[in-house]
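Colleague: Below is run-v8.csv; it holds CSV, N, CA and C atoms.
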chain,number,residue,atom,x,y,z
A,1,MET,N,143.6,130.4,80.6
A,1,MET,CA,143.5,129.4,81.6
A,1,MET,C,142.4,129.8,82.6
A,2,LYS,N,142.5,131.0,83.0
A,2,LYS,CA,141.5,131.5,84.0
A,2,LYS,C,140.1,131.4,83.5
A,3,GLY,N,139.9,131.7,82.3
A,3,GLY,CA,138.6,131.7,81.7
A,3,GLY,C,138.0,130.2,81.6
A,4,ILE,N,138.9,129.3,81.4
A,4,ILE,CA,138.4,127.9,81.3
A,4,ILE,C,138.0,127.4,82.7
A,5,LYS,N,138.8,127.9,83.8
A,5,LYS,CA,138.5,127.5,85.1
A,5,LYS,C,137.2,128.1,85.6
A,6,ASN,N,136.9,129.3,85.2
A,6,ASN,CA,135.7,130.0,85.5
A,6,ASN,C,134.5,129.3,84.8
A,7,LEU,N,134.7,128.9,83.6
A,7,LEU,CA,133.7,128.2,82.9
A,7,LEU,C,133.3,126.9,83.5
A,8,ALA,N,134.3,126.2,84.0
A,8,ALA,CA,134.1,124.9,84.6
A,8,ALA,C,133.3,125.1,86.0
A,9,ILE,N,133.7,126.1,86.7
A,9,ILE,CA,133.0,126.4,88.0
A,9,ILE,C,131.6,126.8,87.7
A,10,TYR,N,131.4,127.6,86.6
A,10,TYR,CA,130.0,128.0,86.2
A,10,TYR,C,129.2,126.8,85.9
A,11,ARG,N,129.7,125.9,85.1
A,11,ARG,CA,129.0,124.7,84.7
A,11,ARG,C,128.6,123.8,85.9
A,12,ARG,N,129.6,123.7,86.9
A,12,ARG,CA,129.3,122.9,88.1
A,12,ARG,C,128.2,123.6,88.9
A,13,CYS,N,128.2,124.9,89.0
A,13,CYS,CA,127.2,125.6,89.7
A,13,CYS,C,125.8,125.4,89.1
A,14,ARG,N,125.8,125.4,87.8
A,14,ARG,CA,124.5,125.2,87.1
A,14,ARG,C,123.9,123.8,87.3
A,15,VAL,N,124.8,122.8,87.3
A,15,VAL,CA,124.4,121.5,87.6
A,15,VAL,C,123.9,121.3,89.0
A,16,VAL,N,124.6,121.9,90.0
A,16,VAL,CA,124.2,121.8,91.3
A,16,VAL,C,122.8,122.5,91.5
A,17,ALA,N,122.7,123.7,90.9
A,17,ALA,CA,121.5,124.5,91.0
A,17,ALA,C,120.3,123.7,90.4
A,18,PHE,N,120.5,123.0,89.3
A,18,PHE,CA,119.5,122.3,88.6
A,18,PHE,C,119.0,121.2,89.6
A,19,PHE,N,119.9,120.4,90.2
A,19,PHE,CA,119.5,119.3,91.1
A,19,PHE,C,118.8,119.9,92.4
A,20,VAL,N,119.2,121.0,92.8
A,20,VAL,CA,118.6,121.6,94.0
A,20,VAL,C,117.1,122.0,93.7
A,21,ILE,N,117.0,122.6,92.5
A,21,ILE,CA,115.6,123.0,92.1
A,21,ILE,C,114.7,121.8,91.9
A,22,VAL,N,115.3,120.7,91.2
A,22,VAL,CA,114.5,119.5,91.0
A,22,VAL,C,114.1,118.9,92.3
A,23,GLY,N,115.0,118.9,93.3
A,23,GLY,CA,114.7,118.3,94.6
A,23,GLY,C,113.7,119.1,95.3
A,24,LEU,N,113.7,120.5,95.2
A,24,LEU,CA,112.7,121.3,95.9
A,24,LEU,C,111.4,121.1,95.2
A,25,LEU,N,111.3,121.0,93.9
A,25,LEU,CA,110.1,120.8,93.2
A,25,LEU,C,109.5,119.4,93.6
A,26,GLN,N,110.3,118.4,93.7
A,26,GLN,CA,109.8,117.1,94.1
A,26,GLN,C,109.3,117.2,95.6
A,27,GLY,N,110.0,117.9,96.4
A,27,GLY,CA,109.6,118.0,97.8
A,27,GLY,C,108.3,118.8,98.0
A,28,CYS,N,108.1,119.7,97.1
A,28,CYS,CA,106.8,120.5,97.2
A,28,CYS,C,105.7,119.8,96.5
A,29,ALA,N,105.9,118.8,95.7
A,29,ALA,CA,104.9,118.1,95.0
A,29,ALA,C,103.8,117.6,95.9
A,30,ALA,N,104.2,117.1,97.0
A,30,ALA,CA,103.2,116.5,98.0
A,30,ALA,C,102.3,117.6,98.5
A,31,PHE,N,102.8,118.8,98.6
A,31,PHE,CA,101.9,119.9,99.1
A,31,PHE,C,101.0,120.4,98.0
A,32,THR,N,101.3,120.2,96.8
A,32,THR,CA,100.5,120.8,95.7
A,32,THR,C,99.5,119.7,95.1
A,33,TRP,N,100.0,118.5,95.0
A,33,TRP,CA,99.2,117.5,94.3
A,33,TRP,C,98.8,116.4,95.2
A,34,GLY,N,99.1,116.4,96.4
A,34,GLY,CA,98.7,115.3,97.3
A,34,GLY,C,99.9,114.3,97.6
A,35,TYR,N,99.5,113.4,98.4
A,35,TYR,CA,100.6,112.4,98.9
A,35,TYR,C,100.4,111.1,98.2
A,36,GLY,N,101.5,110.4,98.0
A,36,GLY,CA,101.5,109.0,97.5
A,36,GLY,C,101.1,109.0,96.0
A,37,PRO,N,101.1,107.8,95.5
A,37,PRO,CA,100.8,107.6,94.0
A,37,PRO,C,99.4,108.0,93.6
A,38,ASP,N,98.5,108.1,94.5
A,38,ASP,CA,97.1,108.5,94.2
A,38,ASP,C,96.8,109.9,94.5
A,39,GLY,N,97.8,110.7,95.0
A,39,GLY,CA,97.5,112.1,95.3
A,39,GLY,C,96.5,112.3,96.5
A,40,GLN,N,96.6,111.5,97.5
A,40,GLN,CA,95.7,111.5,98.6
A,40,GLN,C,96.0,112.7,99.5
A,41,SER,N,95.0,113.0,100.4
A,41,SER,CA,95.2,114.0,101.4
A,41,SER,C,96.2,113.4,102.4
A,42,ARG,N,96.8,114.2,103.2
A,42,ARG,CA,97.8,113.8,104.2
A,42,ARG,C,97.1,112.7,105.1
A,43,GLU,N,96.0,113.0,105.6
A,43,GLU,CA,95.3,112.2,106.5
A,43,GLU,C,95.0,110.8,105.9
A,44,ASP,N,94.5,110.8,104.7
A,44,ASP,CA,94.2,109.5,104.0
A,44,ASP,C,95.4,108.8,103.7
A,45,PHE,N,96.5,109.5,103.3
A,45,PHE,CA,97.8,108.8,103.1
A,45,PHE,C,98.3,108.2,104.3
A,46,GLU,N,98.2,108.9,105.5
A,46,GLU,CA,98.7,108.3,106.7
A,46,GLU,C,97.9,107.1,107.1
A,47,HIS,N,96.6,107.1,106.9
A,47,HIS,CA,95.8,105.9,107.2
A,47,HIS,C,96.2,104.7,106.3
A,48,ARG,N,96.5,105.1,105.0
A,48,ARG,CA,96.9,104.0,104.1
A,48,ARG,C,98.2,103.4,104.5
A,49,ILE,N,99.2,104.2,104.8
A,49,ILE,CA,100.5,103.6,105.2
A,49,ILE,C,100.4,102.9,106.5
A,50,GLU,N,99.5,103.3,107.4
A,50,GLU,CA,99.3,102.6,108.7
A,50,GLU,C,98.7,101.2,108.4
A,51,GLY,N,97.7,101.2,107.5
A,51,GLY,CA,97.1,99.9,107.1
A,51,GLY,C,98.1,99.0,106.4
A,52,VAL,N,98.9,99.5,105.6
A,52,VAL,CA,99.9,98.7,104.9
A,52,VAL,C,100.9,98.1,105.9
A,53,PHE,N,101.3,99.0,106.8
A,53,PHE,CA,102.3,98.6,107.8
A,53,PHE,C,101.7,97.5,108.7
A,54,ARG,N,100.5,97.6,109.1
A,54,ARG,CA,99.8,96.6,109.9
A,54,ARG,C,99.7,95.3,109.2
A,55,LEU,N,99.2,95.3,107.9
A,55,LEU,CA,99.1,94.1,107.1
A,55,LEU,C,100.4,93.5,106.9
A,56,GLN,N,101.4,94.3,106.6
A,56,GLN,CA,102.8,93.7,106.4
A,56,GLN,C,103.3,93.0,107.6
A,57,ASN,N,103.1,93.6,108.8
A,57,ASN,CA,103.5,92.9,110.1
A,57,ASN,C,102.7,91.6,110.3
A,58,LYS,N,101.4,91.7,110.0
A,58,LYS,CA,100.6,90.4,110.1
A,58,LYS,C,101.1,89.3,109.2
A,59,MET,N,101.5,89.7,108.0
A,59,MET,CA,101.9,88.7,107.0
A,59,MET,C,103.3,88.2,107.4
A,60,THR,N,104.2,89.0,107.9
A,60,THR,CA,105.5,88.6,108.4
A,60,THR,C,105.3,87.6,109.6
A,61,SER,N,104.4,87.9,110.5
A,61,SER,CA,104.1,87.0,111.6
A,61,SER,C,103.6,85.6,111.1
A,62,GLU,N,102.7,85.7,110.2
A,62,GLU,CA,102.1,84.4,109.6
A,62,GLU,C,103.1,83.6,108.9
A,63,VAL,N,104.0,84.2,108.2
A,63,VAL,CA,105.1,83.5,107.5
A,63,VAL,C,106.0,82.9,108.6
A,64,MET,N,106.3,83.6,109.6
A,64,MET,CA,107.2,83.1,110.7
A,64,MET,C,106.6,81.9,111.4
A,65,MET,N,105.3,81.9,111.5
A,65,MET,CA,104.6,80.8,112.2
A,65,MET,C,104.4,79.6,111.2
A,66,LEU,N,104.5,79.8,110.0
A,66,LEU,CA,104.3,78.8,109.0
A,66,LEU,C,105.4,77.8,109.1
A,67,GLN,N,105.1,76.5,109.1
A,67,GLN,CA,106.1,75.5,109.1
A,67,GLN,C,106.1,74.8,107.8
A,68,GLU,N,107.2,74.3,107.4
A,68,GLU,CA,107.4,73.7,106.1
A,68,GLU,C,106.4,72.5,105.9
A,69,GLY,N,106.0,71.8,106.9
A,69,GLY,CA,105.1,70.7,106.8
A,69,GLY,C,103.6,71.2,106.5
A,70,ASP,N,103.3,72.5,106.8
A,70,ASP,CA,102.0,73.0,106.6
A,70,ASP,C,101.6,73.1,105.1
A,71,VAL,N,102.5,73.2,104.2
A,71,VAL,CA,102.3,73.4,102.8
A,71,VAL,C,103.3,72.5,102.0
A,72,ASP,N,103.0,72.3,100.7
A,72,ASP,CA,104.0,71.6,99.9
A,72,ASP,C,105.2,72.4,99.7
A,73,ALA,N,106.3,71.8,99.4
A,73,ALA,CA,107.6,72.5,99.3
A,73,ALA,C,107.6,73.6,98.3
A,74,LYS,N,106.9,73.4,97.2
A,74,LYS,CA,106.9,74.5,96.1
A,74,LYS,C,106.1,75.7,96.6
A,75,ALA,N,105.0,75.5,97.3
A,75,ALA,CA,104.2,76.6,97.8
A,75,ALA,C,105.0,77.3,98.9
A,76,TYR,N,105.6,76.5,99.8
A,76,TYR,CA,106.4,77.1,100.9
A,76,TYR,C,107.5,78.0,100.3
A,77,GLU,N,108.2,77.5,99.3
A,77,GLU,CA,109.3,78.3,98.6
A,77,GLU,C,108.7,79.6,98.0
A,78,ALA,N,107.6,79.5,97.4
A,78,ALA,CA,106.9,80.7,96.8
A,78,ALA,C,106.6,81.7,97.8
A,79,ILE,N,106.1,81.2,99.0
A,79,ILE,CA,105.7,82.2,100.1
A,79,ILE,C,106.9,82.8,100.6
A,80,LEU,N,108.0,82.1,100.8
A,80,LEU,CA,109.3,82.7,101.3
A,80,LEU,C,109.8,83.7,100.4
A,81,GLN,N,109.8,83.4,99.1
A,81,GLN,CA,110.3,84.4,98.1
A,81,GLN,C,109.4,85.7,98.0
A,82,ALA,N,108.1,85.5,98.1
A,82,ALA,CA,107.2,86.6,98.1
A,82,ALA,C,107.4,87.5,99.4
A,83,GLU,N,107.7,86.8,100.5
A,83,GLU,CA,108.0,87.5,101.7
A,83,GLU,C,109.3,88.3,101.7
A,84,GLN,N,110.3,87.8,101.0
A,84,GLN,CA,111.5,88.5,100.8
A,84,GLN,C,111.3,89.8,99.9
A,85,VAL,N,110.5,89.7,98.9
A,85,VAL,CA,110.1,90.8,98.1
A,85,VAL,C,109.4,91.8,98.9
A,86,MET,N,108.5,91.4,99.7
A,86,MET,CA,107.7,92.3,100.6
A,86,MET,C,108.7,93.0,101.5
A,87,GLU,N,109.6,92.3,102.1
A,87,GLU,CA,110.5,93.0,103.1
A,87,GLU,C,111.4,94.1,102.3
A,88,LYS,N,111.8,93.7,101.1
A,88,LYS,CA,112.6,94.7,100.3
A,88,LYS,C,111.7,95.9,100.0
A,89,ASN,N,110.5,95.7,99.5
A,89,ASN,CA,109.7,96.8,99.0
A,89,ASN,C,109.1,97.6,100.2
A,90,CYS,N,109.1,97.1,101.4
A,90,CYS,CA,108.6,97.8,102.6
A,90,CYS,C,109.7,98.4,103.4
A,91,ASN,N,110.9,98.3,102.9
A,91,ASN,CA,112.1,98.7,103.7
A,91,ASN,C,111.9,100.2,104.2
A,92,TYR,N,111.6,101.1,103.3
A,92,TYR,CA,111.4,102.5,103.7
A,92,TYR,C,110.3,102.7,104.7
A,93,LEU,N,109.2,102.0,104.5
A,93,LEU,CA,108.1,102.1,105.5
A,93,LEU,C,108.5,101.6,106.8
A,94,ASN,N,109.2,100.5,106.9
A,94,ASN,CA,109.6,100.0,108.2
A,94,ASN,C,110.6,100.9,108.9
A,95,GLU,N,111.5,101.5,108.1
A,95,GLU,CA,112.5,102.5,108.6
A,95,GLU,C,111.7,103.7,109.2
A,96,TYR,N,110.8,104.2,108.4
A,96,TYR,CA,110.0,105.3,108.8
A,96,TYR,C,109.3,105.1,110.2
A,97,VAL,N,108.6,103.9,110.3
A,97,VAL,CA,107.8,103.6,111.5
A,97,VAL,C,108.8,103.4,112.6
A,98,SER,N,109.9,102.7,112.4
A,98,SER,CA,110.9,102.5,113.4
A,98,SER,C,111.4,103.8,114.0
A,99,ARG,N,111.7,104.8,113.1
A,99,ARG,CA,112.2,106.1,113.5
A,99,ARG,C,111.1,106.8,114.3
A,100,ASP,N,109.9,106.7,113.8
A,100,ASP,CA,108.8,107.4,114.5
A,100,ASP,C,108.6,106.8,115.9
A,101,ILE,N,108.6,105.5,116.1
A,101,ILE,CA,108.5,104.9,117.4
A,101,ILE,C,109.6,105.3,118.3
A,102,ASP,N,110.8,105.4,117.8
A,102,ASP,CA,112.0,105.8,118.6
A,102,ASP,C,112.1,107.3,118.8
A,103,GLY,N,111.1,108.1,118.2
A,103,GLY,CA,111.1,109.5,118.4
A,103,GLY,C,112.2,110.3,117.6
A,104,LEU,N,112.7,109.6,116.6
A,104,LEU,CA,113.8,110.2,115.8
A,104,LEU,C,113.2,110.9,114.6
A,105,SER,N,114.0,111.9,114.1
A,105,SER,CA,113.5,112.6,112.9
A,105,SER,C,113.4,111.6,111.7
A,106,LYS,N,112.4,111.8,110.9
A,106,LYS,CA,112.2,111.0,109.7
A,106,LYS,C,112.7,111.6,108.5
A,107,GLY,N,112.8,112.9,108.5
A,107,GLY,CA,113.4,113.6,107.3
A,107,GLY,C,112.5,113.6,106.1
A,108,LEU,N,112.7,114.6,105.3
A,108,LEU,CA,111.9,114.8,104.1
A,108,LEU,C,112.2,113.7,103.0
A,109,LEU,N,113.5,113.4,102.9
A,109,LEU,CA,113.9,112.4,102.0
A,109,LEU,C,113.3,111.0,102.3
A,110,LEU,N,113.3,110.6,103.5
A,110,LEU,CA,112.7,109.3,103.9
A,110,LEU,C,111.2,109.4,103.7
A,111,GLN,N,110.6,110.5,104.0
A,111,GLN,CA,109.1,110.6,103.7
A,111,GLN,C,108.8,110.5,102.2
A,112,ARG,N,109.7,111.0,101.4
A,112,ARG,CA,109.5,110.9,99.9
A,112,ARG,C,109.7,109.5,99.5
A,113,HIS,N,110.7,108.8,100.1
A,113,HIS,CA,110.9,107.4,99.7
A,113,HIS,C,109.7,106.5,100.1
A,114,VAL,N,109.1,106.8,101.3
A,114,VAL,CA,107.9,106.1,101.7
A,114,VAL,C,106.7,106.4,100.7
A,115,GLU,N,106.6,107.6,100.3
A,115,GLU,CA,105.5,108.0,99.3
A,115,GLU,C,105.7,107.2,98.0
A,116,LYS,N,106.9,107.2,97.6
A,116,LYS,CA,107.2,106.5,96.3
A,116,LYS,C,107.1,105.0,96.3
A,117,SER,N,107.3,104.4,97.5
A,117,SER,CA,107.4,102.9,97.6
A,117,SER,C,106.2,102.3,98.2
A,118,VAL,N,105.2,103.1,98.7
A,118,VAL,CA,104.1,102.5,99.4
A,118,VAL,C,103.2,101.6,98.4
A,119,LEU,N,103.1,101.9,97.2
A,119,LEU,CA,102.3,101.1,96.3
A,119,LEU,C,103.0,99.7,96.1
A,120,ASP,N,104.3,99.7,95.9
A,120,ASP,CA,105.1,98.5,95.7
A,120,ASP,C,105.0,97.6,97.0
A,121,CYS,N,105.1,98.3,98.1
A,121,CYS,CA,105.0,97.6,99.4
A,121,CYS,C,103.6,97.0,99.6
A,122,GLU,N,102.6,97.8,99.3
A,122,GLU,CA,101.2,97.3,99.4
A,122,GLU,C,101.0,96.1,98.5
A,123,THR,N,101.4,96.2,97.3
A,123,THR,CA,101.2,95.1,96.3
A,123,THR,C,101.9,93.8,96.7
A,124,ALA,N,103.2,94.0,97.2
A,124,ALA,CA,104.0,92.8,97.6
A,124,ALA,C,103.3,92.2,98.9
A,125,THR,N,102.8,93.0,99.8
A,125,THR,CA,102.1,92.5,101.0
A,125,THR,C,100.9,91.7,100.6
A,126,GLN,N,100.1,92.3,99.6
A,126,GLN,CA,98.9,91.6,99.2
A,126,GLN,C,99.2,90.3,98.5
A,127,ASN,N,100.4,90.2,97.8
A,127,ASN,CA,100.8,89.0,97.2
A,127,ASN,C,101.1,87.9,98.2
A,128,VAL,N,101.8,88.3,99.3
A,128,VAL,CA,102.0,87.3,100.4
A,128,VAL,C,100.7,86.9,101.0
A,129,GLU,N,99.8,87.8,101.2
A,129,GLU,CA,98.5,87.5,101.8
A,129,GLU,C,97.8,86.5,100.9
A,130,ALA,N,97.8,86.7,99.6
A,130,ALA,CA,97.1,85.8,98.7
A,130,ALA,C,97.7,84.4,98.7
A,131,LEU,N,99.0,84.3,98.7
A,131,LEU,CA,99.7,83.0,98.8
A,131,LEU,C,99.4,82.3,100.1
A,132,LEU,N,99.3,83.0,101.2
A,132,LEU,CA,99.0,82.4,102.4
A,132,LEU,C,97.6,81.9,102.5
A,133,LYS,N,96.7,82.6,101.8
A,133,LYS,CA,95.3,82.2,101.8
A,133,LYS,C,95.1,80.9,101.0
A,134,THR,N,95.9,80.7,99.9
A,134,THR,CA,95.7,79.6,99.0
A,134,THR,C,96.4,78.3,99.5
A,135,ARG,N,97.1,78.4,100.6
A,135,ARG,CA,97.9,77.2,101.1
A,135,ARG,C,97.0,76.3,101.5
If you convert what's in this file into structure tokens, what do you get?

Modeller:
Amino acid sequence: MKGIKNLAIYRRCRVVAFFVIVGLLQGCAAFTWGYGPDGQSREDFEHRIEGVFRLQNKMTSEVMMLQEGDVDAKAYEAILQAEQVMEKNCNYLNEYVSRDIDGLSKGLLLQRHVEKSVLDCETATQNVEALLKTR
């Protein structure tokens, strides 16, 4: 019975160790291969996320100012749906910037989420921009 208990503890420790090592390797990836999906330098990546954040805020403002009478109902619905996707895909970026503005810690996990989601946020933002231009 004691041997089975020790084996179970050993297996749990191996699983925990595996996930710790994977997490550390992912955390170190930014330092070895660059930041974001394109492996950019830290400075270039910071400029990229700042640009995406500014464009996303601009698109949000334009959607808020848009009135249903400005476009046909189908186009208006498409813009609203695209804006919801943008908000979802930019959630980590918005949280990151909000914490930065408030002087709060952003943490490595949040930074990694921003790195992994910036391309989806950027694409969704550009989709909203394209829809607004074609109205």

Colleague: Could you check which residues have any atom within 8 Å of (107.2, 101.7, 98.4), counting all atoms listed in the file with coordinates taken straight from the file, and then list them as a list of chain:residue names?

Modeller: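 Those residues lying close to the given coordinates are A:Lys88, A:Asn89, A:Cys90, A:Asn91, A:Tyr92, A:Leu93, A:His113, A:Val114, A:Glu115, A:Lys116, A:Ser117, A:Val118, A:Leu119, A:Asp120, A:Cys121, A:Glu122.
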
Colleague: Hey, could you make a per-residue contact list for region 78-134 of chain A against region 52-65 of chain A with 6.5 Å as the cut-off, showing the nearest pair of atoms and its distance in Å to one decimal, counting all atoms listed in the file, sorted by chain and number, as a tab-separated table?

Modeller:
residue	atom	partner	partner_atom	distance
A:Glu122	CA	A:Val52	CA	5.8
A:Thr125	CA	A:Gln56	CA	5.6
A:Val128	C	A:Met59	CA	6.4
A:Glu129	N	A:Met59	CA	6.2

Colleague: Using Å and a single decimal, report how far CA of Asn127 (chain A) sits from CA of Lys106 (chain A).

Modeller: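 CA of Lys106 (chain A) sits 27.8 Å away from CA of Asn127 (chain A).
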
Colleague: Quick one, how far is atom C of Ala75 (chain A) from atom C of Leu131 (chain A)?

Modeller: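 Going from atom C of Ala75 (chain A) over to atom C of Leu131 (chain A), I get 7.6 Å.
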
Colleague: In Å to one decimal, how far is atom C of Asp72 (chain A) from CA of Thr123 (chain A)?

Modeller: 23.3 Å

Colleague: Which one is closest to Gln126 (chain A): A:Gln81, A:Arg99, A:Met86, A:Leu108? Count all atoms listed in the file.

Modeller: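 Comparing A:Gln81, A:Arg99, A:Met86, A:Leu108 against Gln126 (chain A), the winner is A:Met86.
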